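File shown: target.cif. Contents: mmCIF, C-alpha atoms.
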data_work
#
loop_
_atom_site.group_PDB
_atom_site.id
_atom_site.type_symbol
_atom_site.label_atom_id
_atom_site.label_comp_id
_atom_site.auth_asym_id
_atom_site.auth_seq_id
_atom_site.Cartn_x
_atom_site.Cartn_y
_atom_site.Cartn_z
ATOM 1 C CA MET D 1 -26.672 -13.159 -12.568
ATOM 2 C CA THR D 2 -25.254 -9.781 -11.701
ATOM 3 C CA ARG D 3 -25.918 -6.442 -13.324
ATOM 4 C CA LEU D 4 -23.612 -3.505 -13.663
ATOM 5 C CA THR D 5 -24.852 -0.028 -14.506
ATOM 6 C CA ARG D 6 -22.605 2.734 -15.729
ATOM 7 C CA ARG D 7 -23.753 6.324 -16.058
ATOM 8 C CA TYR D 8 -22.541 8.693 -18.782
ATOM 9 C CA ARG D 9 -23.369 12.281 -19.639
ATOM 10 C CA PHE D 10 -23.629 14.283 -22.825
ATOM 11 C CA SER D 11 -25.038 17.688 -23.674
ATOM 12 C CA ALA D 12 -26.857 18.150 -26.940
ATOM 13 C CA SER D 13 -29.558 20.213 -28.564
ATOM 14 C CA HIS D 14 -32.629 19.125 -30.475
ATOM 15 C CA ARG D 15 -35.930 20.289 -31.856
ATOM 16 C CA LEU D 16 -39.124 18.239 -31.826
ATOM 17 C CA HIS D 17 -40.815 18.778 -35.161
ATOM 18 C CA VAL D 18 -42.253 16.435 -37.774
ATOM 19 C CA ARG D 19 -42.654 17.405 -41.401
ATOM 20 C CA GLU D 20 -45.945 15.565 -41.793
ATOM 21 C CA LEU D 21 -47.673 18.019 -39.472
ATOM 22 C CA SER D 22 -48.405 21.718 -39.900
ATOM 23 C CA GLU D 23 -46.675 24.442 -37.870
ATOM 24 C CA ASP D 24 -49.713 24.730 -35.621
ATOM 25 C CA GLU D 25 -50.011 21.000 -35.156
ATOM 26 C CA ASN D 26 -46.318 20.734 -34.275
ATOM 27 C CA ARG D 27 -46.653 23.521 -31.733
ATOM 28 C CA ALA D 28 -49.719 21.913 -30.220
ATOM 29 C CA LEU D 29 -48.012 18.518 -30.050
ATOM 30 C CA TYR D 30 -44.544 19.449 -28.822
ATOM 31 C CA GLY D 31 -45.081 22.806 -27.110
ATOM 32 C CA LYS D 32 -41.834 24.562 -26.173
ATOM 33 C CA CYS D 33 -39.831 21.669 -27.580
ATOM 34 C CA ASN D 34 -40.938 22.805 -31.051
ATOM 35 C CA ASN D 35 -39.028 26.131 -30.821
ATOM 36 C CA PRO D 36 -37.561 26.469 -34.358
ATOM 37 C CA HIS D 37 -34.058 27.226 -33.117
ATOM 38 C CA GLY D 38 -33.830 24.149 -30.908
ATOM 39 C CA HIS D 39 -32.863 23.869 -27.257
ATOM 40 C CA GLY D 40 -30.515 21.701 -25.249
ATOM 41 C CA HIS D 41 -30.319 19.206 -22.421
ATOM 42 C CA ASN D 42 -27.716 17.644 -20.187
ATOM 43 C CA TYR D 43 -28.598 14.065 -20.998
ATOM 44 C CA VAL D 44 -27.671 11.249 -18.632
ATOM 45 C CA LEU D 45 -27.312 7.825 -20.205
ATOM 46 C CA GLU D 46 -27.289 4.681 -18.095
ATOM 47 C CA VAL D 47 -26.052 1.501 -19.743
ATOM 48 C CA ARG D 48 -26.824 -1.683 -17.825
ATOM 49 C CA VAL D 49 -25.039 -4.926 -18.614
ATOM 50 C CA ALA D 50 -25.777 -8.355 -17.176
ATOM 51 C CA GLY D 51 -23.919 -11.599 -16.862
ATOM 52 C CA PRO D 52 -22.034 -13.906 -14.558
ATOM 53 C CA VAL D 53 -19.081 -12.607 -12.545
ATOM 54 C CA ASP D 54 -15.875 -13.858 -14.166
ATOM 55 C CA GLU D 55 -12.736 -15.202 -12.502
ATOM 56 C CA HIS D 56 -11.467 -11.642 -12.141
ATOM 57 C CA GLY D 57 -14.523 -10.587 -10.192
ATOM 58 C CA ARG D 58 -16.101 -8.622 -13.016
ATOM 59 C CA VAL D 59 -19.347 -8.698 -14.985
ATOM 60 C CA ALA D 60 -17.762 -6.520 -17.666
ATOM 61 C CA ASP D 61 -14.510 -4.847 -18.460
ATOM 62 C CA ARG D 62 -15.419 -1.261 -17.575
ATOM 63 C CA ALA D 63 -12.699 0.172 -19.799
ATOM 64 C CA ALA D 64 -14.065 -1.785 -22.792
ATOM 65 C CA LEU D 65 -17.594 -0.579 -21.991
ATOM 66 C CA ASP D 66 -16.401 3.019 -21.674
ATOM 67 C CA ARG D 67 -14.561 2.781 -25.002
ATOM 68 C CA LEU D 68 -17.627 1.342 -26.730
ATOM 69 C CA VAL D 69 -19.997 4.008 -25.392
ATOM 70 C CA GLU D 70 -17.499 6.756 -26.186
ATOM 71 C CA SER D 71 -16.854 5.560 -29.724
ATOM 72 C CA CYS D 72 -20.416 4.809 -30.786
ATOM 73 C CA VAL D 73 -22.447 7.279 -28.731
ATOM 74 C CA LEU D 74 -20.754 10.025 -26.747
ATOM 75 C CA GLY D 75 -18.197 10.994 -29.380
ATOM 76 C CA ASP D 76 -20.973 11.657 -31.901
ATOM 77 C CA PHE D 77 -23.639 13.046 -29.555
ATOM 78 C CA ARG D 78 -21.638 15.319 -27.273
ATOM 79 C CA HIS D 79 -22.177 19.019 -27.976
ATOM 80 C CA ARG D 80 -24.102 18.327 -31.147
ATOM 81 C CA ASN D 81 -27.387 19.388 -32.620
ATOM 82 C CA LEU D 82 -29.080 16.008 -32.864
ATOM 83 C CA ASN D 83 -31.379 17.005 -35.726
ATOM 84 C CA LEU D 84 -28.626 18.484 -37.885
ATOM 85 C CA ASP D 85 -25.493 16.576 -36.935
ATOM 86 C CA LEU D 86 -26.652 12.955 -36.692
ATOM 87 C CA PRO D 87 -27.834 11.091 -39.787
ATOM 88 C CA GLU D 88 -30.367 9.006 -37.845
ATOM 89 C CA PHE D 89 -32.389 12.103 -37.006
ATOM 90 C CA ALA D 90 -32.557 13.543 -40.513
ATOM 91 C CA ASN D 91 -36.002 11.955 -40.829
ATOM 92 C CA LEU D 92 -36.679 10.861 -37.244
ATOM 93 C CA VAL D 93 -37.854 13.212 -34.530
ATOM 94 C CA PRO D 94 -35.303 13.162 -31.668
ATOM 95 C CA THR D 95 -37.670 12.577 -28.778
ATOM 96 C CA SER D 96 -36.068 10.918 -25.761
ATOM 97 C CA GLU D 97 -37.709 7.693 -26.881
ATOM 98 C CA ASN D 98 -36.119 7.868 -30.328
ATOM 99 C CA VAL D 99 -32.744 9.011 -28.991
ATOM 100 C CA ALA D 100 -32.743 5.981 -26.669
ATOM 101 C CA LEU D 101 -33.686 3.682 -29.561
ATOM 102 C CA VAL D 102 -30.873 5.042 -31.720
ATOM 103 C CA ILE D 103 -28.356 4.672 -28.887
ATOM 104 C CA GLY D 104 -29.558 1.113 -28.310
ATOM 105 C CA ARG D 105 -29.140 0.254 -31.998
ATOM 106 C CA ARG D 106 -25.659 1.739 -32.118
ATOM 107 C CA LEU D 107 -24.558 -0.190 -29.030
ATOM 108 C CA ALA D 108 -26.122 -3.452 -30.218
ATOM 109 C CA ALA D 109 -24.474 -3.154 -33.641
ATOM 110 C CA ASN D 110 -21.008 -2.834 -32.095
ATOM 111 C CA TRP D 111 -21.499 -5.000 -28.995
ATOM 112 C CA ARG D 112 -19.922 -8.215 -30.217
ATOM 113 C CA GLN D 113 -16.852 -6.423 -31.419
ATOM 114 C CA ALA D 114 -16.306 -4.925 -27.974
ATOM 115 C CA PHE D 115 -17.381 -8.055 -26.066
ATOM 116 C CA PRO D 116 -16.645 -11.135 -28.188
ATOM 117 C CA ALA D 117 -17.557 -13.597 -25.400
ATOM 118 C CA PRO D 118 -21.223 -14.595 -24.816
ATOM 119 C CA TRP D 119 -21.259 -12.336 -21.749
ATOM 120 C CA PRO D 120 -21.930 -9.643 -20.759
ATOM 121 C CA ALA D 121 -25.238 -8.898 -22.449
ATOM 122 C CA LEU D 122 -26.572 -5.405 -23.044
ATOM 123 C CA ASP D 123 -29.446 -5.448 -20.568
ATOM 124 C CA LYS D 124 -31.005 -2.005 -20.461
ATOM 125 C CA ILE D 125 -30.593 1.582 -21.579
ATOM 126 C CA ARG D 126 -32.010 4.437 -19.576
ATOM 127 C CA LEU D 127 -31.912 7.986 -20.887
ATOM 128 C CA TYR D 128 -32.622 10.981 -18.682
ATOM 129 C CA GLU D 129 -33.451 14.087 -20.689
ATOM 130 C CA THR D 130 -33.753 15.999 -17.436
ATOM 131 C CA LYS D 131 -33.928 14.820 -13.836
ATOM 132 C CA ARG D 132 -37.679 14.584 -14.273
ATOM 133 C CA ASN D 133 -37.948 12.781 -17.614
ATOM 134 C CA VAL D 134 -36.536 9.348 -18.188
ATOM 135 C CA VAL D 135 -37.104 6.642 -20.783
ATOM 136 C CA GLU D 136 -35.817 3.096 -20.687
ATOM 137 C CA GLN D 137 -35.783 0.100 -22.948
ATOM 138 C CA MET E 1 -43.870 -4.909 -2.941
ATOM 139 C CA LEU E 2 -40.284 -3.823 -2.428
ATOM 140 C CA ILE E 3 -38.901 -1.840 0.463
ATOM 141 C CA THR E 4 -35.378 -0.450 0.244
ATOM 142 C CA ARG E 5 -33.022 0.924 2.844
ATOM 143 C CA ARG E 6 -29.908 2.875 1.935
ATOM 144 C CA GLU E 7 -26.720 2.924 4.008
ATOM 145 C CA GLU E 8 -23.204 4.173 3.384
ATOM 146 C CA PHE E 9 -19.705 3.106 4.235
ATOM 147 C CA SER E 10 -16.329 4.519 3.315
ATOM 148 C CA ALA E 11 -13.563 2.068 2.608
ATOM 149 C CA SER E 12 -10.430 1.573 0.581
ATOM 150 C CA HIS E 13 -9.627 -1.288 -1.748
ATOM 151 C CA ALA E 14 -7.159 -2.403 -4.389
ATOM 152 C CA CYS E 15 -8.221 -4.563 -7.313
ATOM 153 C CA LEU E 16 -5.302 -6.928 -7.454
ATOM 154 C CA ASN E 17 -5.280 -10.607 -8.202
ATOM 155 C CA PRO E 18 -2.295 -12.000 -6.258
ATOM 156 C CA ALA E 19 -1.871 -14.742 -8.885
ATOM 157 C CA LEU E 20 -1.117 -12.120 -11.553
ATOM 158 C CA GLY E 21 1.815 -9.770 -12.035
ATOM 159 C CA PRO E 22 1.595 -5.973 -11.708
ATOM 160 C CA GLU E 23 1.335 -5.445 -15.464
ATOM 161 C CA GLU E 24 -1.437 -7.983 -15.885
ATOM 162 C CA ASN E 25 -3.324 -6.462 -12.965
ATOM 163 C CA ARG E 26 -2.903 -3.008 -14.443
ATOM 164 C CA ALA E 27 -4.190 -4.216 -17.806
ATOM 165 C CA LEU E 28 -7.221 -5.819 -16.129
ATOM 166 C CA TYR E 29 -8.145 -3.291 -13.481
ATOM 167 C CA GLY E 30 -6.452 -0.044 -14.590
ATOM 168 C CA GLU E 31 -6.017 2.565 -11.866
ATOM 169 C CA ASP E 32 -7.958 0.360 -9.446
ATOM 170 C CA SER E 33 -4.902 -1.887 -9.228
ATOM 171 C CA ASN E 34 -2.746 0.610 -7.297
ATOM 172 C CA PRO E 35 -1.322 -1.701 -4.575
ATOM 173 C CA ASN E 36 -1.610 0.938 -1.851
ATOM 174 C CA GLY E 37 -5.342 1.133 -2.424
ATOM 175 C CA HIS E 38 -7.768 3.993 -2.932
ATOM 176 C CA GLY E 39 -11.151 4.753 -1.428
ATOM 177 C CA HIS E 40 -14.818 5.246 -2.145
ATOM 178 C CA ASN E 41 -17.920 6.370 -0.328
ATOM 179 C CA TYR E 42 -19.903 3.259 -1.065
ATOM 180 C CA VAL E 43 -23.690 3.397 -0.964
ATOM 181 C CA VAL E 44 -25.536 0.151 -0.433
ATOM 182 C CA GLU E 45 -29.258 -0.232 -1.109
ATOM 183 C CA VAL E 46 -30.908 -3.304 0.318
ATOM 184 C CA SER E 47 -34.324 -4.237 -1.084
ATOM 185 C CA ILE E 48 -36.709 -6.640 0.604
ATOM 186 C CA GLU E 49 -39.612 -8.175 -1.272
ATOM 187 C CA GLY E 50 -42.874 -9.214 0.334
ATOM 188 C CA ASP E 51 -46.444 -8.292 1.093
ATOM 189 C CA PRO E 52 -47.322 -5.824 3.828
ATOM 190 C CA ASP E 53 -48.305 -7.592 7.014
ATOM 191 C CA PRO E 54 -52.079 -7.190 7.534
ATOM 192 C CA VAL E 55 -51.608 -6.045 11.134
ATOM 193 C CA SER E 56 -48.411 -3.966 11.069
ATOM 194 C CA GLY E 57 -48.779 -2.721 7.478
ATOM 195 C CA MET E 58 -45.063 -3.386 6.952
ATOM 196 C CA VAL E 59 -43.212 -5.657 4.508
ATOM 197 C CA PHE E 60 -40.307 -5.823 6.916
ATOM 198 C CA ASP E 61 -39.398 -4.145 10.180
ATOM 199 C CA LEU E 62 -37.130 -1.276 9.078
ATOM 200 C CA LYS E 63 -35.556 -1.025 12.536
ATOM 201 C CA ARG E 64 -34.476 -4.630 12.203
ATOM 202 C CA LEU E 65 -33.300 -4.101 8.617
ATOM 203 C CA LYS E 66 -31.199 -1.130 9.679
ATOM 204 C CA ALA E 67 -29.711 -3.061 12.607
ATOM 205 C CA VAL E 68 -28.838 -6.069 10.429
ATOM 206 C CA ILE E 69 -27.183 -3.952 7.708
ATOM 207 C CA ARG E 70 -25.218 -2.028 10.318
ATOM 208 C CA ARG E 71 -24.078 -5.173 12.134
ATOM 209 C CA GLU E 72 -23.264 -7.336 9.107
ATOM 210 C CA VAL E 73 -21.914 -4.733 6.684
ATOM 211 C CA ILE E 74 -21.384 -1.189 7.899
ATOM 212 C CA GLU E 75 -19.531 -1.944 11.123
ATOM 213 C CA PRO E 76 -17.096 -4.450 9.593
ATOM 214 C CA PHE E 77 -16.580 -2.479 6.324
ATOM 215 C CA ASP E 78 -16.631 1.190 7.317
ATOM 216 C CA HIS E 79 -13.260 2.948 7.410
ATOM 217 C CA ARG E 80 -11.366 -0.240 6.562
ATOM 218 C CA PHE E 81 -8.925 -1.321 3.876
ATOM 219 C CA LEU E 82 -11.047 -4.175 2.538
ATOM 220 C CA ASN E 83 -8.149 -6.261 1.175
ATOM 221 C CA ARG E 84 -6.343 -6.297 4.508
ATOM 222 C CA GLU E 85 -9.053 -6.064 7.099
ATOM 223 C CA VAL E 86 -12.257 -7.683 5.868
ATOM 224 C CA GLU E 87 -12.801 -11.343 5.050
ATOM 225 C CA PRO E 88 -12.797 -12.733 2.343
ATOM 226 C CA PHE E 89 -11.063 -9.889 0.488
ATOM 227 C CA ASP E 90 -7.616 -11.120 1.459
ATOM 228 C CA ARG E 91 -8.205 -13.783 -1.240
ATOM 229 C CA VAL E 92 -11.212 -12.502 -3.233
ATOM 230 C CA VAL E 93 -10.558 -9.391 -5.357
ATOM 231 C CA PRO E 94 -12.792 -6.616 -3.936
ATOM 232 C CA THR E 95 -14.362 -5.514 -7.207
ATOM 233 C CA THR E 96 -17.761 -3.839 -6.862
ATOM 234 C CA GLU E 97 -19.296 -7.103 -8.115
ATOM 235 C CA ASN E 98 -17.559 -9.215 -5.467
ATOM 236 C CA ILE E 99 -18.304 -6.753 -2.657
ATOM 237 C CA ALA E 100 -21.994 -6.735 -3.642
ATOM 238 C CA ARG E 101 -22.079 -10.525 -3.632
ATOM 239 C CA GLU E 102 -20.366 -10.674 -0.236
ATOM 240 C CA ILE E 103 -22.934 -8.221 1.148
ATOM 241 C CA TRP E 104 -25.699 -10.424 -0.281
ATOM 242 C CA GLN E 105 -24.218 -13.502 1.385
ATOM 243 C CA ARG E 106 -23.897 -11.739 4.729
ATOM 244 C CA LEU E 107 -27.437 -10.340 4.667
ATOM 245 C CA GLU E 108 -29.505 -13.062 3.036
ATOM 246 C CA PRO E 109 -29.633 -15.503 5.980
ATOM 247 C CA GLU E 110 -30.324 -12.641 8.406
ATOM 248 C CA LEU E 111 -33.258 -11.208 6.477
ATOM 249 C CA ALA E 112 -35.393 -14.246 5.808
ATOM 250 C CA ALA E 113 -38.834 -13.685 7.297
ATOM 251 C CA GLU E 114 -42.068 -15.591 7.014
ATOM 252 C CA LYS E 115 -43.386 -13.503 4.133
ATOM 253 C CA ALA E 116 -40.388 -11.482 3.025
ATOM 254 C CA ARG E 117 -36.995 -12.120 1.477
ATOM 255 C CA LEU E 118 -33.950 -10.281 0.271
ATOM 256 C CA HIS E 119 -34.606 -9.238 -3.321
ATOM 257 C CA ARG E 120 -31.609 -7.152 -4.358
ATOM 258 C CA VAL E 121 -28.388 -5.631 -3.134
ATOM 259 C CA ARG E 122 -27.376 -2.544 -5.088
ATOM 260 C CA LEU E 123 -23.902 -1.241 -4.422
ATOM 261 C CA TYR E 124 -22.756 2.150 -5.721
ATOM 262 C CA GLU E 125 -19.021 2.548 -5.946
ATOM 263 C CA THR E 126 -19.577 6.065 -7.253
ATOM 264 C CA GLU E 127 -22.772 7.730 -8.401
ATOM 265 C CA ASP E 128 -21.833 6.717 -11.952
ATOM 266 C CA LEU E 129 -21.233 3.025 -11.309
ATOM 267 C CA TYR E 130 -23.345 0.514 -9.474
ATOM 268 C CA VAL E 131 -23.866 -3.223 -9.361
ATOM 269 C CA ASP E 132 -27.075 -5.155 -8.699
ATOM 270 C CA CYS E 133 -26.791 -8.542 -7.073
ATOM 271 C CA PHE E 134 -29.745 -10.941 -7.115
ATOM 272 C CA GLU E 135 -30.125 -14.474 -5.882
#
Serialized structure, structure tokens:
Amino acid sequence: MTRLTRRYRFSASHRLHVRELSEDENRALYGKCNNPHGHGHNYVLEVRVAGPVDEHGRVADRAALDRLVESCVLGDFRHRNLNLDLPEFANLVPTSENVALVIGRRLAANWRQAFPAPWPALDKIRLYETKRNVVEQ
Amino acid sequence: MLITRREEFSASHACLNPALGPEENRALYGEDSNPNGHGHNYVVEVSIEGDPDPVSGMVFDLKRLKAVIRREVIEPFDHRFLNREVEPFDRVVPTTENIAREIWQRLEPELAAEKARLHRVRLYETEDLYVDCFE
């Protein structure tokens, strides 16, 4: 088994705020991230795939992977306000955890179309909000 | 516990399967199929797994690890055109995956110790693309 990890970047803004909580509770919970006007990050997304190396010496067709990530993630996320521009976050707070979950769902839903063979498998997603904060699933 | 050493080599390669025509190679490997080759500053991370020795406090002797990586990988690969100058890449396409596996095969027998073993070879072709090779 071999794994291949590809790193992508997108810049987006978000605001951490949940309707169920009061203004004070939101501020206490999310601190600066609750600023009503939002703020942005240079996100780094790592997509890890796993599988056997094929007869061409590859775990995955990188161009197919790039197309998939571009079409179902980067194209929609790049230079967007996550809360306002993406339907998934209309009622879901765009924490790094939730952004990673949404990206994972989008990739999984389109995976078989991009990679019809049993391999490669989507193995892991890692999302860096900053150099210091990273989530993975 | 894992201990990892990082080394670098600069080399050129061309991803070309000699059994295929230029158009097929271009469709498969894209720009990587340029027959004259192109280069990367490869970074290789070698991870050894084991328990720290009760006397030395080390999983593996890092001086020895460095010497083995240099001898088996860096010296033969650095500043070379892999397809033309490094076995087996005259017949095995030097994709990142195949280079990582070759590094694994070169290192694994040299790194076996009583309580430690090679756990992973991670090879960065660029900072945005890397491959992990396990047993």
> Got a sec to pull out which chain E residues are within 12 Å of chain D, counting all atoms listed in the file, and send them as an MDAnalysis selection string?
Replying inline: chainID E and resid 15:20 24:32 89 91:102 104 120:135
Same residues, C-alpha atoms, saved as an mmCIF file, in the frame of the given file:
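Output contents, as saved in result.cif:
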data_model
loop_
_atom_site.group_PDB
_atom_site.id
_atom_site.type_symbol
_atom_site.label_atom_id
_atom_site.label_comp_id
_atom_site.auth_asym_id
_atom_site.auth_seq_id
_atom_site.Cartn_x
_atom_site.Cartn_y
_atom_site.Cartn_z
ATOM 1 C CA CYS E 15 -8.221 -4.563 -7.313
ATOM 2 C CA LEU E 16 -5.302 -6.928 -7.454
ATOM 3 C CA ASN E 17 -5.280 -10.607 -8.202
ATOM 4 C CA PRO E 18 -2.295 -12.000 -6.258
ATOM 5 C CA ALA E 19 -1.871 -14.742 -8.885
ATOM 6 C CA LEU E 20 -1.117 -12.120 -11.553
ATOM 7 C CA GLU E 24 -1.437 -7.983 -15.885
ATOM 8 C CA ASN E 25 -3.324 -6.462 -12.965
ATOM 9 C CA ARG E 26 -2.903 -3.008 -14.443
ATOM 10 C CA ALA E 27 -4.190 -4.216 -17.806
ATOM 11 C CA LEU E 28 -7.221 -5.819 -16.129
ATOM 12 C CA TYR E 29 -8.145 -3.291 -13.481
ATOM 13 C CA GLY E 30 -6.452 -0.044 -14.590
ATOM 14 C CA GLU E 31 -6.017 2.565 -11.866
ATOM 15 C CA ASP E 32 -7.958 0.360 -9.446
ATOM 16 C CA PHE E 89 -11.063 -9.889 0.488
ATOM 17 C CA ARG E 91 -8.205 -13.783 -1.240
ATOM 18 C CA VAL E 92 -11.212 -12.502 -3.233
ATOM 19 C CA VAL E 93 -10.558 -9.391 -5.357
ATOM 20 C CA PRO E 94 -12.792 -6.616 -3.936
ATOM 21 C CA THR E 95 -14.362 -5.514 -7.207
ATOM 22 C CA THR E 96 -17.761 -3.839 -6.862
ATOM 23 C CA GLU E 97 -19.296 -7.103 -8.115
ATOM 24 C CA ASN E 98 -17.559 -9.215 -5.467
ATOM 25 C CA ILE E 99 -18.304 -6.753 -2.657
ATOM 26 C CA ALA E 100 -21.994 -6.735 -3.642
ATOM 27 C CA ARG E 101 -22.079 -10.525 -3.632
ATOM 28 C CA GLU E 102 -20.366 -10.674 -0.236
ATOM 29 C CA TRP E 104 -25.699 -10.424 -0.281
ATOM 30 C CA ARG E 120 -31.609 -7.152 -4.358
ATOM 31 C CA VAL E 121 -28.388 -5.631 -3.134
ATOM 32 C CA ARG E 122 -27.376 -2.544 -5.088
ATOM 33 C CA LEU E 123 -23.902 -1.241 -4.422
ATOM 34 C CA TYR E 124 -22.756 2.150 -5.721
ATOM 35 C CA GLU E 125 -19.021 2.548 -5.946
ATOM 36 C CA THR E 126 -19.577 6.065 -7.253
ATOM 37 C CA GLU E 127 -22.772 7.730 -8.401
ATOM 38 C CA ASP E 128 -21.833 6.717 -11.952
ATOM 39 C CA LEU E 129 -21.233 3.025 -11.309
ATOM 40 C CA TYR E 130 -23.345 0.514 -9.474
ATOM 41 C CA VAL E 131 -23.866 -3.223 -9.361
ATOM 42 C CA ASP E 132 -27.075 -5.155 -8.699
ATOM 43 C CA CYS E 133 -26.791 -8.542 -7.073
ATOM 44 C CA PHE E 134 -29.745 -10.941 -7.115
ATOM 45 C CA GLU E 135 -30.125 -14.474 -5.882
#
> For E:Leu107, which of E:Arg80, E:Ile69, E:His119, E:Asp90 is the closest residue, counting only C-alpha atoms?
Replying inline: E:Ile69
Could you tell me which residues the PyMOL selection byres ((chain D and resi 43) around 7) returns for this structure, as a compact mmCIF listing (two decimals) with C-alpha atoms, keeping the file's coordinate frame?
# COMPACT_ATOMS: atom_id res chain seq x y z
CA ARG D 9 -23.37 12.28 -19.64
CA PHE D 10 -23.63 14.28 -22.82
CA SER D 11 -25.04 17.69 -23.67
CA HIS D 41 -30.32 19.21 -22.42
CA ASN D 42 -27.72 17.64 -20.19
CA VAL D 44 -27.67 11.25 -18.63
CA LEU D 45 -27.31 7.82 -20.20
CA LEU D 127 -31.91 7.99 -20.89
CA TYR D 128 -32.62 10.98 -18.68
CA GLU D 129 -33.45 14.09 -20.69
CA THR D 130 -33.75 16.00 -17.44
Reference answer for the PyMOL selection byres ((chain D and resi 107) around 9), as an mmCIF file with C-alpha atoms, in the coordinates of the input:
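Saved to out.cif:
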data_model
loop_
_atom_site.group_PDB
_atom_site.id
_atom_site.type_symbol
_atom_site.label_atom_id
_atom_site.label_comp_id
_atom_site.auth_asym_id
_atom_site.auth_seq_id
_atom_site.Cartn_x
_atom_site.Cartn_y
_atom_site.Cartn_z
ATOM 1 C CA LEU D 68 -17.627 1.342 -26.730
ATOM 2 C CA VAL D 69 -19.997 4.008 -25.392
ATOM 3 C CA CYS D 72 -20.416 4.809 -30.786
ATOM 4 C CA VAL D 73 -22.447 7.279 -28.731
ATOM 5 C CA VAL D 102 -30.873 5.042 -31.720
ATOM 6 C CA ILE D 103 -28.356 4.672 -28.887
ATOM 7 C CA GLY D 104 -29.558 1.113 -28.310
ATOM 8 C CA ARG D 105 -29.140 0.254 -31.998
ATOM 9 C CA ARG D 106 -25.659 1.739 -32.118
ATOM 10 C CA ALA D 108 -26.122 -3.452 -30.218
ATOM 11 C CA ALA D 109 -24.474 -3.154 -33.641
ATOM 12 C CA ASN D 110 -21.008 -2.834 -32.095
ATOM 13 C CA TRP D 111 -21.499 -5.000 -28.995
ATOM 14 C CA LEU D 122 -26.572 -5.405 -23.044
#
First collect every listed atom of stretch 42-59 of chain E; then fit an axis-aligned box around them, widen it by 8 Å on each side, and give centre and edge lengths in Å to one decimal, as AutoDock Vina command-line options.
--center_x -36.0 --center_y -2.9 --center_z 4.9 --size_x 48.2 --size_y 28.6 --size_z 28.4
> What separation in Å, quoted to one decimal, exists between atom CA of D:Leu84 and atom CA of D:Val135?
Replying inline: 22.5 Å
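We find atom CA of D:Gln113 and atom CA of D:Arg78 to be spaced 22.6 Å apart.
The space separating atom CA of D:Leu74 from atom CA of D:Tyr30 comes to 25.7 Å.
The set of residues that the PyMOL selection byres ((chain E and resi 106) around 12) takes from this file is Val46, Val68, Ile69, Arg70, Arg71, Glu72, Val73, Ile74, Pro76, Phe77, Glu87, Pro88, Ile99, Ala100, Arg101, Glu102, Ile103, Trp104, Gln105, Leu107, Glu108, Pro109, Glu110, Leu111, Ala112, Leu118 and Val121 of chain E.
Those residues that approach E:Asn36 to within 12 Å, counting only C-alpha atoms, are E:Ser12, E:His13, E:Ala14, E:Cys15, E:Leu16, E:Phe81, E:Leu82, E:Asn83, E:Arg84; same-chain residues fewer than 6 positions away are not listed.
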>> For a quick check of your reading of the model, name the residues lying within 7 Å of the coordinate (-29.1, 24.1, -25.5), counting only C-alpha atoms, and write them as JSON, numbers by chain.
In response: {"D": [12, 13, 39, 40, 41]}
Export C-alpha atoms of the chosen residues as an mmCIF file, in the coordinates of the input?
data_model
loop_
_atom_site.group_PDB
_atom_site.id
_atom_site.type_symbol
_atom_site.label_atom_id
_atom_site.label_comp_id
_atom_site.auth_asym_id
_atom_site.auth_seq_id
_atom_site.Cartn_x
_atom_site.Cartn_y
_atom_site.Cartn_z
ATOM 1 C CA ALA D 12 -26.857 18.150 -26.940
ATOM 2 C CA SER D 13 -29.558 20.213 -28.564
ATOM 3 C CA HIS D 39 -32.863 23.869 -27.257
ATOM 4 C CA GLY D 40 -30.515 21.701 -25.249
ATOM 5 C CA HIS D 41 -30.319 19.206 -22.421
#
> Could you name the residues that touch E:Glu114 at 12 Å or less, counting all atoms listed in the file, but leaving out those on the same chain fewer than 6 positions away, as JSON, numbers by chain?
Replying inline: {"E": [49, 50, 51, 52, 53, 59, 60]}
